[in-house]
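Read through the structure below, which is laid out as structure tokens, and then see the notes.
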Amino acid sequence: MEYFVNINGIDVNAHYSENAIDNIFHPLLERLSDLQREKNRRILVFLAAPPGVGKSTLASFLQKLSEDDEKLTDIQAIGMDGFHRRQEYLLSHSVERDGKLVKMVEIKGAPVTFDLDLLKQNLEKILQESTVGWPCYDRHLHNPVDNAITINKDIVLIEGNYLLLNEDGWRELKDLADYTIFISADENMLRSRLIDRKIKSGNTKDKAEHFVDYSDMANVRLSLNKSLLADLMLGVNENGDFVLPEQRK
């Protein structure tokens, strides 16, 4: 199935196989609907994966599938990218990387460049309040847009690189989730996707490759190698299709 959507200011054309839709996505949505009805309250679902997997697009697609099937509880898809620290903050603050101080903007996307405390506060609000404003990130503005989304559905699916990160401060986020999903993929495929995405955001090929190799790939490896186990583990094969772990072989 072809799926056209705008993600963070970039037009995306994604394709999902019938196998993935019938054997992974629909069973997942049925499971989440059952879980929400069983708990009889809003539930929070984490979708964690390294940069470049396509998690934002997949989350949007899962929302569409839930809305198209009246037997399912509607999902509302949101992202953690709205909790990037603002560009002016990243330009004026430095952190240590490889033994030297670098501007935070040079490693934008690393865990330290997110406002973790604010993210946690807002996740808690989702479980406490019926209507919540939520920020989104615009890749053309290079900044979050506050209260761009109004959360009001009974299943909230949040996607992000570090929602299951096994590091101090981050690992505690999992306690807020009712269900968790993690997606893994080949590093080389992710590198190619990230370079293409950076170019589409207005960068030259050389600048895109430099940033991806210096910053994004470190985040890819961190997510792949230092994430907690999820309730559902998925993969992406060489064709870019979402598969269960045993199907990757």
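Labeling convention for the structure tokens: chains A, B, ... as they appear, residues from 1 per chain, ligands from 1 in order of appearance.
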Counting only C-alpha atoms, which residues in region 87-200 of chain A sit no more than 6 Å from region 204-222 of chain A? For each one, give the nearest pair of atoms and the distance in Å, sorted by chain then residue number, as a tab-separated table.
residue	atom	partner	partner_atom	distance
A:Ile107	CA	A:Ser215	CA	5.0
A:Ala110	CA	A:Asn219	CA	5.9
A:Ile195	CA	A:Ala208	CA	5.4
A:Lys198	CA	A:Ala208	CA	5.4
A:Ile199	CA	A:Thr204	CA	5.9
Report task. Pick out the residues sitting within 12 Å of region 60-70 of chain A, and hand them over as a ChimeraX atom specification; count only C-alpha atoms, and ignore anything fewer than 5 positions along from it in its own chain. Result -> /A:1-8,12-16,20-22,24-33,45,47,54-55,75-79,153-159
Query raised in the report: Interatomic distance between CA of Ser201 (chain A) and CA of Arg139 (chain A)?
Result: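 We find that CA of Ser201 (chain A) and CA of Arg139 (chain A) lie 6.4 Å from each other.
Here CA of Asn143 (chain A) and CA of Arg86 (chain A) stand 5.6 Å from one another.
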Query raised in the report: region 14-150 of chain A: which residues are strand (DSSP E or B) by DSSP, as a PyMOL selection string?
Result: chain A and resi 14-15+43-48+75-79+84+94-97+100-103+108+110+114+132-138+143-150
Restricting the output to C-alpha atoms, write the selected residues as a PDB file, in the first residue's frame.
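So the final result, stored in again.pdb, reads:
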ATOM      1  CA  ALA A  14       6.041   5.221   1.918  1.00  0.00           C
ATOM      2  CA  HIS A  15       5.097   1.701   0.869  1.00  0.00           C
ATOM      3  CA  ILE A  43      -3.084   4.144  27.333  1.00  0.00           C
ATOM      4  CA  LEU A  44       0.379   5.274  26.278  1.00  0.00           C
ATOM      5  CA  VAL A  45       2.343   3.272  23.687  1.00  0.00           C
ATOM      6  CA  PHE A  46       6.056   3.767  22.969  1.00  0.00           C
ATOM      7  CA  LEU A  47       7.451   3.182  19.482  1.00  0.00           C
ATOM      8  CA  ALA A  48      11.252   3.395  19.750  1.00  0.00           C
ATOM      9  CA  ILE A  75      -4.832   5.936  17.811  1.00  0.00           C
ATOM     10  CA  GLN A  76      -3.259   9.376  18.045  1.00  0.00           C
ATOM     11  CA  ALA A  77       0.344   9.412  16.802  1.00  0.00           C
ATOM     12  CA  ILE A  78       2.794  11.951  18.218  1.00  0.00           C
ATOM     13  CA  GLY A  79       6.587  12.270  18.386  1.00  0.00           C
ATOM     14  CA  HIS A  84      14.481  19.111  20.965  1.00  0.00           C
ATOM     15  CA  SER A  94      28.592  23.013  24.490  1.00  0.00           C
ATOM     16  CA  VAL A  95      29.177  19.399  25.530  1.00  0.00           C
ATOM     17  CA  GLU A  96      32.167  17.073  25.442  1.00  0.00           C
ATOM     18  CA  ARG A  97      32.422  14.759  22.437  1.00  0.00           C
ATOM     19  CA  LYS A 100      36.784  18.045  23.138  1.00  0.00           C
ATOM     20  CA  LEU A 101      34.053  20.609  23.650  1.00  0.00           C
ATOM     21  CA  VAL A 102      31.637  21.001  20.743  1.00  0.00           C
ATOM     22  CA  LYS A 103      28.530  23.115  20.278  1.00  0.00           C
ATOM     23  CA  LYS A 108      21.739  17.718  17.439  1.00  0.00           C
ATOM     24  CA  ALA A 110      21.829  13.137  20.678  1.00  0.00           C
ATOM     25  CA  PHE A 114      16.522  16.936  24.245  1.00  0.00           C
ATOM     26  CA  VAL A 132      -3.158  18.007  26.320  1.00  0.00           C
ATOM     27  CA  GLY A 133      -1.249  20.352  24.019  1.00  0.00           C
ATOM     28  CA  TRP A 134       1.829  18.778  22.395  1.00  0.00           C
ATOM     29  CA  PRO A 135       4.766  20.272  20.463  1.00  0.00           C
ATOM     30  CA  CYS A 136       6.020  19.079  17.076  1.00  0.00           C
ATOM     31  CA  TYR A 137       9.342  19.626  15.309  1.00  0.00           C
ATOM     32  CA  ASP A 138       9.632  21.375  11.948  1.00  0.00           C
ATOM     33  CA  ASN A 143      12.823  24.306  15.987  1.00  0.00           C
ATOM     34  CA  PRO A 144       9.858  22.891  17.903  1.00  0.00           C
ATOM     35  CA  VAL A 145       6.412  24.411  17.452  1.00  0.00           C
ATOM     36  CA  ASP A 146       4.603  24.559  20.798  1.00  0.00           C
ATOM     37  CA  ASN A 147       1.074  23.157  21.187  1.00  0.00           C
ATOM     38  CA  ALA A 148       0.931  22.173  17.521  1.00  0.00           C
ATOM     39  CA  ILE A 149      -1.138  19.088  18.384  1.00  0.00           C
ATOM     40  CA  THR A 150      -4.089  18.586  20.719  1.00  0.00           C
TER      41      THR A 150
END
Query raised in the report: Taking into account only C-alpha atoms, which residue in the set A:Leu72, A:Asp117, A:Ile181, A:Arg85 is nearest to Asp34 (chain A)?
Result: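 Nearest to Asp34 (chain A): A:Leu72.
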Requested in this report: Report as number ranges by chain: the residues of region 1-234 of chain A with a DSSP assignment of alpha helix (DSSP H), based on the backbone of this structure.
Outcome: A: 18-20, 26-39, 55-68, 87-92, 116-128, 187-200, 205-211, 217-225
Report summary line: Here CA of Leu224 (chain A) and CA of Asn188 (chain A) stand apart by 12.8 Å
Query raised in the report: Which polymer residues have any atom within 6 Å of an atom of Ser227 (chain A), counting only C-alpha atoms, with same-chain residues fewer than 5 positions away left out, as JSON, numbers by chain?
Result: {"A": [164, 165, 166]}
